[in-house]
Amino acid sequence: MFPPLQDLYRIAPELVLCAFGMLVMLIDPFVPVGRKRSMGWLAFAGALVALASMHWAAMNQGSAYSGLFRTDMFSLFVHGIVIGVAALAILGSLDYLDRENLQRGEYYALILFATAGMGILAGANELLTAFIGLEMSSISTYILAGFRRNVLKSNESSLKYFLLGSFATAFFLYGIALTYGATRSTRFDVINQAIAAHGSGALLILGLGLIFVGLGFKVVAAPFQIYTPDVYEGAPTPVTAILACGPKAAAFAVMLRIFYSAFGNASHVWFWAIWVSAVLTMCIGNFAALVQTNVKRLLAYSSIAHAGYILVAFVAASEIGVAAVLFYLAAYAAMTLGAFLIVAHVGGTNEQCLNIEDYAGLGTKHPWIAACFALFLFSLLGLPATGGFLGKLYAFQAALDQRIVWLVVIAAVNSVVGAYYYLKVVVAMYFHESNKEWAPTPMHAPMFIVLLITAIGTIYLGVLPNRLMELALASARSLR
Amino acid sequence: MADHNYLLTVLTFFPLLGTFALLLLSGDDHVWIRRLTLVTSIIEFLLSLLLLRGFDLTIGGYQFEEVYAWIPSLHIHYHMGIDGISLFLIILTTFLTPLAVLCSWNSIHEHVKEFFAMLLVLEMGMVGVFCALDLFLFFVFWEVMLIPMYFLIGIWGHGRKVYAALKFILYTMLGSILMLVGILWLYHLSGTAGNPTFDLPAIVGMLRSGQISLPWHTEFLLFLAFILAFAIKVPVFPLHTWLPDAHTEAPTAGSVILAGVLLKMGTYGMLRFCLPLFPEASHRAAPVIAVLAIIGIIYAALVAMIQHDLKRLVAYTSVSHLGFVVLGIFVFNPTAMEGAIYQMLNHGVSTGMLFLVCGMIYDRRHTYEFSELGGLAKPMPVLCAFFLFACLSSLALPMLNGFIGEFMVLIGTFEHHPAWAAWATSGAVLSAIYLLWAYQRVALEKVTVAKNENLPDATPRERLILITASIVIVFMGVASPLFTHRMDATTNALLQQVGGRAYNVRARHVTPLSAQPSQHELALRSVTLERRAQP
């Protein structure tokens, strides 16, 4: 049986991404070694076409493939984030790969495949589809993390990510099995009905717990965050940028769907688990980041902390909570992507300059790069007039609306702790004199464009966030 | 007053325009950078004087209001407006900024463009804070302002500047983040009442009309969240430790703005937010806060006395003088409150001038150590004369501005709490001791250090700055009704708001407001009489 045409429209972005991924793989062998950069442009074009193809998906919203997949505002919103991240990361990788002598077609293809996987995660309406999306995005990113084959740290990163990630997905799968055992279905709506009808038994709670382990790993929620700093540090920096934004957004999306749509009737079961996890995630991320001297590791810990803030909105379990998570993910993607790509740029050949001292004097030597980095850091810190602040505000407000006061207070205090280490980098950039000769990496057009887009995005979301907030709210409404 | 409708917006964002213009200039073109900044700040000052023209004395509420929807999803409005409290604080801000620009004329050598750009951004933030009537908008300005100050201290400061800058920003953020939670909670409460909003007058109205009922413990926690942010900013006694560092290490312009305007934001916040939003909690907490303020007055004065660094001494005087302001606010008496508001302005001008003199001495000697100074009146008679003048203004000599404010606060306090007034008065005495002693060690006696013998006296630019400040000081000293008249309506309205509800709680703290000549008017008259009695 051939699926109806409408179903194809509904997964158009994934189809486009996969098609371009394969196209890159097919053409790549015929492209001479010196001109592999063109593969990057091809992949970028693929991402743009995928973004455009969201239009078809948006025109044909609804369930596809007998309810395995759902295209609604919610999934489109997340699609927008992950595909946008992929497109910008591809642009940001072009120079990096040239510099590292890693320019190869499969890099871009893998990004596209991973993004397709994330898209499936965002739209999955059934546990096994989610699993497929999870595997698709995970396996591609395992390889990407180890893309600097000759560098020990990159190998370590890839291996760690792979081993622990496999564990996590195994847990996830086990959780699916138990849930199926308890409810006789893997479809979210059916699970929800079953819970409403029969309540949540021990089997179901265990299944949910295991699912949380698997997804918690992807969103770097404590106590499953252990791998993050090592993996993020070892991976090529543009890949780290993707890891920090894309899979996190997709995993949060599927987590929202599972917890709200499938286990919405059992929210009393998971409320405190997420609450505790949120506190742990914020505290571990922030306090560990305080003592970091490596900017990449620092940002890795900061990404843990931000997962914690997102969990604060998650706990709210309301429409506004979902909207806050979505808005936060978008704002977070803009600033984190920008920050990591600047780290990639400043790092120079072989990523030599990753320590905070290496940033000394950047404000004088490269005022615009430093200004952008400062903007991203201020946004991560949560200063007003940046996307990060609005994200935090929205998240806190969502939680307060549900009278979750103490969690918000903990989060607020945490964000001041966070201020210290973000400002440490700003201090280095502006208040310290550079103690060594800078070999400035030339800034090419692609990188410039990426920084421009992310910086403008960060400010835009901070000053005129209304459009995106309304979109996020509409998306949240589409999530039943 | 339709033609003034955009005045506050223009006033707030005009400095930003100057910043953009600055960015277009070449970084090496120091002369034009300075001129452009100066012209921008002077135009801003003139613009702010327009407020005086359109200001209606009889209205106790907000004027020049502007309301636009900003982020409708969260019911956030761009709501600007001023009243008798913020009117002069805005003018103070726009008055001090040109002075800060002038005093940095030759003392900033590195990153000149960035320095002046930061100064203008800072001005935008400060004016915005005083204009904003939407809690969210207020918070945005309140936090945005931290960044330029942070850079001013961290890049162009002296000594342990990085430490001071970090301490400043972290302290302030810790306070304000809890205030943010408080703001969000108020928003949530207004939502439960069916009209979610961040609008301050709307929320105050809902609280007063009982649409939002605050249980006592909630009100107390919210009050705590707000007062902590403001108390750190003022700073009130145990929270003041960031101030000496930030003031001492900041460049002169930074210190002037810090002492002149930023500290007032704390007391302004108390008046604007704590009192009307949480009248009951304010009344109950008043004794504690007042006692802390008195401790701050005396403690900071004692600490100032033993400083061996001129600028640090001046920094501690701020803690001491701001204590009077806080005290004046929390005795809930019209005289004291008006005195507190007036003292905010006075302190801005006189401490600003003290810091300006400090900066001028620093420009010549690159030190603030008393042991390195001494006998400066001999080489620099003019500068030292102005220094003495600033000291006298700060220690509240009658005829000069500081006197009226402190006197009104003390008189207002005395009506209800003679003991508090007595203790606070000792601070006024101590201020005479430490300031005159400081003057003596800097200017009088013999020239002890050989380098000091041939220091150049004040340049025309410096004289211009000091004369301007002195004129204002004298003017505020003799023409105080011009200022206080414009605060009358607001103060009365505010006290009615705060006092009205607090009757049930603790009647003895509240002075009923009657139609007869109010006590503060009587006090004013006595002030005027006393002034006439002066030779």
# chains A, B, ... in the order shown; residues from 1 in each chain; ligands from 1
$ residues_around --residues "Phe20 in chain B" --least-positions-apart "5" --cutoff "12 Å" --atoms "only C-alpha atoms" --output "tab-separated table (two decimals) with C-alpha atoms, in the first residue's frame"
chain	number	residue	atom	x	y	z
B	13	PHE	CA	16.00	57.37	24.12
B	14	PHE	CA	17.68	60.58	23.02
B	15	PRO	CA	21.00	59.56	24.63
B	25	LEU	CA	32.76	58.62	14.49
B	33	ILE	CA	33.67	62.35	20.43
B	36	LEU	CA	29.25	65.20	20.53
B	37	THR	CA	28.68	63.56	23.90
B	40	THR	CA	23.96	65.32	23.44
B	113	LYS	CA	34.63	56.42	22.16
B	114	GLU	CA	33.43	53.41	24.10
B	116	PHE	CA	31.35	58.09	26.24
B	117	ALA	CA	29.04	55.65	24.48
B	118	MET	CA	28.68	53.75	27.76
B	120	LEU	CA	25.13	57.80	27.26
B	121	VAL	CA	23.68	54.29	27.42
$ closest_atom_pairs --of "range 431-472 of chain A" --to "range 319-331 of chain A" --cutoff "12 Å" --atoms "only C-alpha atoms" --output "tab-separated table"
residue	atom	partner	partner_atom	distance
A:Thr454	CA	A:Ala331	CA	9.5
A:Ala455	CA	A:Ala331	CA	10.7
A:Ile456	CA	A:Ala331	CA	11.2
A:Gly457	CA	A:Ala331	CA	7.9
A:Thr458	CA	A:Ala331	CA	6.5
A:Ile459	CA	A:Ala331	CA	9.6
A:Tyr460	CA	A:Ala331	CA	9.6
A:Leu461	CA	A:Ala331	CA	6.7
A:Gly462	CA	A:Ala331	CA	8.6
A:Val463	CA	A:Ala331	CA	12.0
A:Pro465	CA	A:Phe327	CA	9.0
A:Asn466	CA	A:Phe327	CA	10.4
A:Arg467	CA	A:Phe327	CA	10.5
A:Leu468	CA	A:Phe327	CA	7.0
A:Met469	CA	A:Phe327	CA	6.4
A:Glu470	CA	A:Ala323	CA	8.5
A:Leu471	CA	A:Ala323	CA	8.3
A:Ala472	CA	A:Ala323	CA	4.7
$ write_last_selection --atoms "C-alpha atoms" --output "mmCIF file, in the first residue's frame"
data_model
loop_
_atom_site.group_PDB
_atom_site.id
_atom_site.type_symbol
_atom_site.label_atom_id
_atom_site.label_comp_id
_atom_site.auth_asym_id
_atom_site.auth_seq_id
_atom_site.Cartn_x
_atom_site.Cartn_y
_atom_site.Cartn_z
ATOM 1 C CA THR A 454 22.080 34.747 15.793
ATOM 2 C CA ALA A 455 22.882 38.145 17.288
ATOM 3 C CA ILE A 456 19.921 39.828 15.667
ATOM 4 C CA GLY A 457 17.753 36.896 16.677
ATOM 5 C CA THR A 458 18.884 37.183 20.279
ATOM 6 C CA ILE A 459 18.095 40.884 20.428
ATOM 7 C CA TYR A 460 14.883 40.506 18.478
ATOM 8 C CA LEU A 461 13.589 37.893 20.878
ATOM 9 C CA GLY A 462 14.529 40.148 23.744
ATOM 10 C CA VAL A 463 12.887 43.301 22.468
ATOM 11 C CA PRO A 465 9.247 38.637 21.485
ATOM 12 C CA ASN A 466 5.527 38.834 20.965
ATOM 13 C CA ARG A 467 5.286 37.119 17.596
ATOM 14 C CA LEU A 468 7.272 34.130 18.690
ATOM 15 C CA MET A 469 5.428 33.957 21.980
ATOM 16 C CA GLU A 470 2.120 33.859 20.190
ATOM 17 C CA LEU A 471 3.451 31.175 17.894
ATOM 18 C CA ALA A 472 4.678 29.203 20.868
#
$ atom_distance --atom1 "CA of Arg99 in chain A" --atom2 "CA of Val450 in chain A"
17.5 Å
$ atom_distance --atom1 "CA of Gly105 in chain A" --atom2 "CA of Leu159 in chain A"
21.9 Å
$ residues_around --residues "Ala290 in chain B" --least-positions-apart "5" --cutoff "10 Å" --atoms "only C-alpha atoms" --output "PyMOL selection string"
chain B and resi 236+285+295-296+323-331+420+424
$ write_last_selection --atoms "N, CA and C atoms" --output "compact mmCIF listing (two decimals), in the first residue's frame"
# COMPACT_ATOMS: atom_id res chain seq x y z
N VAL B 236 21.43 50.07 52.23
CA VAL B 236 21.09 50.11 53.65
C VAL B 236 22.12 49.29 54.41
N ALA B 285 7.38 46.83 58.84
CA ALA B 285 8.83 46.69 58.75
C ALA B 285 9.53 48.01 59.04
N ILE B 295 21.51 53.05 62.13
CA ILE B 295 22.80 52.38 62.31
C ILE B 295 23.72 52.75 61.16
N GLY B 296 23.15 52.71 59.94
CA GLY B 296 23.96 53.05 58.77
C GLY B 296 24.49 54.46 58.85
N GLY B 323 21.21 57.10 54.54
CA GLY B 323 20.48 56.65 55.72
C GLY B 323 19.38 57.63 56.09
N PHE B 324 19.69 58.93 56.00
CA PHE B 324 18.67 59.95 56.28
C PHE B 324 17.48 59.79 55.33
N VAL B 325 17.80 59.53 54.07
CA VAL B 325 16.72 59.42 53.09
C VAL B 325 15.80 58.24 53.45
N VAL B 326 16.43 57.09 53.74
CA VAL B 326 15.62 55.92 54.07
C VAL B 326 14.80 56.18 55.32
N LEU B 327 15.43 56.79 56.29
CA LEU B 327 14.72 57.13 57.52
C LEU B 327 13.52 58.01 57.21
N GLY B 328 13.76 59.03 56.38
CA GLY B 328 12.68 59.95 56.03
C GLY B 328 11.53 59.26 55.35
N ILE B 329 11.84 58.24 54.57
CA ILE B 329 10.77 57.54 53.86
C ILE B 329 9.93 56.73 54.83
N PHE B 330 10.61 56.09 55.78
CA PHE B 330 9.90 55.10 56.59
C PHE B 330 9.36 55.65 57.90
N VAL B 331 9.28 56.97 58.05
CA VAL B 331 8.52 57.46 59.20
C VAL B 331 7.12 57.89 58.77
N TRP B 420 14.70 58.32 67.59
CA TRP B 420 15.32 58.10 66.29
C TRP B 420 15.98 59.38 65.80
N ALA B 424 19.81 60.03 64.86
CA ALA B 424 20.16 60.42 63.50
C ALA B 424 20.92 61.75 63.49
$ atom_distance --atom1 "CA of Met206 in chain B" --atom2 "CA of Thr218 in chain B"
15.8 Å
$ interface_residues --of "chain B" --to "chain A" --cutoff "9 Å" --atoms "only C-alpha atoms" --output "compact mmCIF listing (two decimals) with C-alpha atoms, in the first residue's frame"
# COMPACT_ATOMS: atom_id res chain seq x y z
CA TRP B 70 4.50 46.05 23.96
CA ILE B 71 4.31 42.29 24.50
CA PRO B 72 0.59 41.53 24.48
CA SER B 73 1.09 37.81 25.14
CA LEU B 74 2.38 38.65 28.58
CA HIS B 111 38.82 53.57 24.41
CA PHE B 139 13.01 45.92 35.49
CA VAL B 140 14.41 46.04 31.98
CA PHE B 141 15.84 49.51 32.51
CA TRP B 142 16.97 48.62 35.99
CA GLU B 143 19.05 45.72 34.74
CA VAL B 144 20.17 47.16 31.43
CA ILE B 147 25.96 46.73 32.01
CA PHE B 151 32.08 48.28 32.04
CA GLY B 154 35.86 47.42 35.01
CA ILE B 155 37.60 49.06 32.07
CA TRP B 156 38.25 52.63 33.11
CA LYS B 161 38.60 47.49 39.36
CA VAL B 162 37.66 44.02 38.15
CA LEU B 166 32.06 42.04 39.68
CA ILE B 169 27.02 43.64 39.45
CA LEU B 170 26.62 40.39 41.40
CA MET B 173 21.70 41.14 40.45
CA LEU B 174 21.12 38.99 43.49
CA ILE B 177 16.46 38.68 40.55
CA LEU B 178 14.36 38.13 43.65
CA LEU B 180 11.82 39.75 39.42
CA VAL B 181 10.24 36.76 41.11
CA LEU B 184 6.08 37.82 38.39
CA TRP B 185 4.14 36.88 41.48
CA TYR B 187 1.54 39.48 37.73
CA HIS B 188 0.22 36.09 38.66
CA LEU B 189 -1.97 37.61 41.37
CA GLY B 191 -4.09 37.27 36.64
CA THR B 192 -6.05 35.43 39.29
$ select_by_dssp --residues "range 136-353 of chain A" --states "alpha helix (DSSP H)" --output "number ranges by chain"
A: 136-145, 152-183, 188-198, 202-218, 228-234, 237-256, 267-290, 295-316, 319-347
$ residues_around --residues "Asn355 in chain A" --least-positions-apart "3" --cutoff "12 Å" --atoms "only C-alpha atoms" --output "PDB file with N, CA and C atoms, in the first residue's frame"
ATOM      1  N   GLU A 233      33.266  18.989  25.036  1.00  0.00           N
ATOM      2  CA  GLU A 233      34.608  19.538  24.898  1.00  0.00           C
ATOM      3  C   GLU A 233      35.352  18.868  23.756  1.00  0.00           C
ATOM      4  N   GLN A 292      35.265  26.298  36.001  1.00  0.00           N
ATOM      5  CA  GLN A 292      35.839  25.927  34.703  1.00  0.00           C
ATOM      6  C   GLN A 292      36.793  27.004  34.199  1.00  0.00           C
ATOM      7  N   THR A 293      37.843  26.548  33.535  1.00  0.00           N
ATOM      8  CA  THR A 293      38.756  27.509  32.915  1.00  0.00           C
ATOM      9  C   THR A 293      38.702  27.395  31.403  1.00  0.00           C
ATOM     10  N   ASN A 294      38.059  26.339  30.930  1.00  0.00           N
ATOM     11  CA  ASN A 294      37.963  26.128  29.496  1.00  0.00           C
ATOM     12  C   ASN A 294      36.588  26.613  29.038  1.00  0.00           C
ATOM     13  N   VAL A 295      36.578  27.495  28.067  1.00  0.00           N
ATOM     14  CA  VAL A 295      35.314  28.116  27.686  1.00  0.00           C
ATOM     15  C   VAL A 295      34.322  27.091  27.154  1.00  0.00           C
ATOM     16  N   LYS A 296      34.856  26.123  26.435  1.00  0.00           N
ATOM     17  CA  LYS A 296      33.961  25.127  25.858  1.00  0.00           C
ATOM     18  C   LYS A 296      33.290  24.306  26.958  1.00  0.00           C
ATOM     19  N   ARG A 297      34.089  23.920  27.948  1.00  0.00           N
ATOM     20  CA  ARG A 297      33.517  23.186  29.083  1.00  0.00           C
ATOM     21  C   ARG A 297      32.549  24.054  29.852  1.00  0.00           C
ATOM     22  N   LEU A 298      32.931  25.310  29.990  1.00  0.00           N
ATOM     23  CA  LEU A 298      32.063  26.247  30.713  1.00  0.00           C
ATOM     24  C   LEU A 298      30.694  26.314  30.037  1.00  0.00           C
ATOM     25  N   LEU A 299      30.719  26.438  28.716  1.00  0.00           N
ATOM     26  CA  LEU A 299      29.445  26.516  28.003  1.00  0.00           C
ATOM     27  C   LEU A 299      28.693  25.191  28.087  1.00  0.00           C
ATOM     28  N   VAL A 343      33.232  30.440  19.779  1.00  0.00           N
ATOM     29  CA  VAL A 343      34.304  29.639  20.369  1.00  0.00           C
ATOM     30  C   VAL A 343      35.048  28.902  19.266  1.00  0.00           C
ATOM     31  N   VAL A 346      37.226  31.612  17.479  1.00  0.00           N
ATOM     32  CA  VAL A 346      38.353  32.114  18.260  1.00  0.00           C
ATOM     33  C   VAL A 346      39.349  30.992  18.534  1.00  0.00           C
ATOM     34  N   GLY A 347      38.842  29.756  18.613  1.00  0.00           N
ATOM     35  CA  GLY A 347      39.705  28.634  18.930  1.00  0.00           C
ATOM     36  C   GLY A 347      40.882  28.502  17.991  1.00  0.00           C
ATOM     37  N   GLU A 351      41.897  24.070  17.533  1.00  0.00           N
ATOM     38  CA  GLU A 351      41.202  24.501  18.748  1.00  0.00           C
ATOM     39  C   GLU A 351      42.183  24.751  19.879  1.00  0.00           C
ATOM     40  N   GLN A 352      43.166  25.565  19.617  1.00  0.00           N
ATOM     41  CA  GLN A 352      44.187  25.798  20.634  1.00  0.00           C
ATOM     42  C   GLN A 352      43.710  26.757  21.714  1.00  0.00           C
ATOM     43  N   ASP A 358      42.777  32.879  27.026  1.00  0.00           N
ATOM     44  CA  ASP A 358      42.983  33.131  25.605  1.00  0.00           C
ATOM     45  C   ASP A 358      42.054  34.216  25.084  1.00  0.00           C
ATOM     46  N   TYR A 359      41.019  34.500  25.848  1.00  0.00           N
ATOM     47  CA  TYR A 359      40.089  35.525  25.399  1.00  0.00           C
ATOM     48  C   TYR A 359      40.498  36.914  25.871  1.00  0.00           C
ATOM     49  N   ALA A 360      41.563  36.969  26.634  1.00  0.00           N
ATOM     50  CA  ALA A 360      41.991  38.272  27.147  1.00  0.00           C
ATOM     51  C   ALA A 360      42.258  39.233  25.998  1.00  0.00           C
ATOM     52  N   LYS A 424      32.869  36.137  34.018  1.00  0.00           N
ATOM     53  CA  LYS A 424      34.303  35.831  34.027  1.00  0.00           C
ATOM     54  C   LYS A 424      34.867  35.927  32.613  1.00  0.00           C
ATOM     55  N   VAL A 425      34.119  35.419  31.658  1.00  0.00           N
ATOM     56  CA  VAL A 425      34.578  35.484  30.271  1.00  0.00           C
ATOM     57  C   VAL A 425      34.561  36.934  29.778  1.00  0.00           C
ATOM     58  N   ALA A 428      37.495  38.696  31.077  1.00  0.00           N
ATOM     59  CA  ALA A 428      38.717  38.399  30.318  1.00  0.00           C
ATOM     60  C   ALA A 428      38.742  39.181  29.016  1.00  0.00           C
ATOM     61  N   MET A 429      37.606  39.227  28.340  1.00  0.00           N
ATOM     62  CA  MET A 429      37.589  39.858  27.028  1.00  0.00           C
ATOM     63  C   MET A 429      37.857  41.352  27.109  1.00  0.00           C
TER      64      MET A 429
END
$ residues_around --residues "Ala469 in chain B" --least-positions-apart "4" --cutoff "8 Å" --atoms "only C-alpha atoms" --output "list in words"
Val349, Ser350, Met353, Ile465 and Ile473 of chain B
$ residues_around --residues "Gly133 in chain A" --least-positions-apart "3" --cutoff "6 Å" --atoms "only C-alpha atoms" --output "PDB file with C-alpha atoms, in the first residue's frame"
ATOM      1  CA  GLY A 117      15.920  12.307  13.067  1.00  0.00           C
ATOM      2  CA  ILE A 120      10.858  12.754  13.468  1.00  0.00           C
ATOM      3  CA  LEU A 121      11.285  13.082  17.220  1.00  0.00           C
ATOM      4  CA  ALA A 130      10.103   8.392  18.716  1.00  0.00           C
ATOM      5  CA  MET A 136      18.573   8.403  13.831  1.00  0.00           C
TER       6      MET A 136
END
$ select_by_dssp --residues "range 78-323 of chain B" --states "strand (DSSP E)" --output "list in words"
Tyr78, His79, Met80, Gly81 and Ile82 of chain B
$ write_last_selection --atoms "C-alpha atoms" --output "compact mmCIF listing (two decimals), in the first residue's frame"
# COMPACT_ATOMS: atom_id res chain seq x y z
CA TYR B 78 5.28 50.35 27.47
CA HIS B 79 3.97 52.62 30.19
CA MET B 80 5.88 55.77 31.00
CA GLY B 81 4.89 58.55 33.33
CA ILE B 82 6.32 60.75 36.04
$ closest_atom_pairs --of "range 364-475 of chain A" --to "range 88-98 of chain A" --cutoff "12 Å" --atoms "only C-alpha atoms" --output "JSON lines"
{"residue": "A:Thr441", "atom": "CA", "partner": "A:Asp95", "partner_atom": "CA", "distance": 9.7}
{"residue": "A:Pro442", "atom": "CA", "partner": "A:Asp95", "partner_atom": "CA", "distance": 9.3}
{"residue": "A:Met443", "atom": "CA", "partner": "A:Asp95", "partner_atom": "CA", "distance": 8.6}
{"residue": "A:His444", "atom": "CA", "partner": "A:Asp95", "partner_atom": "CA", "distance": 7.5}
{"residue": "A:Ala445", "atom": "CA", "partner": "A:Leu91", "partner_atom": "CA", "distance": 9.3}
{"residue": "A:Pro446", "atom": "CA", "partner": "A:Leu91", "partner_atom": "CA", "distance": 5.4}
{"residue": "A:Met447", "atom": "CA", "partner": "A:Gly92", "partner_atom": "CA", "distance": 5.1}
{"residue": "A:Phe448", "atom": "CA", "partner": "A:Gly92", "partner_atom": "CA", "distance": 8.6}
{"residue": "A:Ile449", "atom": "CA", "partner": "A:Leu91", "partner_atom": "CA", "distance": 8.3}
{"residue": "A:Val450", "atom": "CA", "partner": "A:Leu88", "partner_atom": "CA", "distance": 5.9}
{"residue": "A:Leu451", "atom": "CA", "partner": "A:Gly92", "partner_atom": "CA", "distance": 8.7}
{"residue": "A:Leu452", "atom": "CA", "partner": "A:Leu88", "partner_atom": "CA", "distance": 10.7}
{"residue": "A:Ile453", "atom": "CA", "partner": "A:Leu88", "partner_atom": "CA", "distance": 8.6}
{"residue": "A:Thr454", "atom": "CA", "partner": "A:Leu88", "partner_atom": "CA", "distance": 8.7}
$ residues_around --residues "Arg10 in chain A" --least-positions-apart "4" --cutoff "8 Å" --atoms "only C-alpha atoms" --output "JSON, numbers by chain"
{"A": [6, 56, 57, 58, 60, 61, 62, 64, 70, 71]}
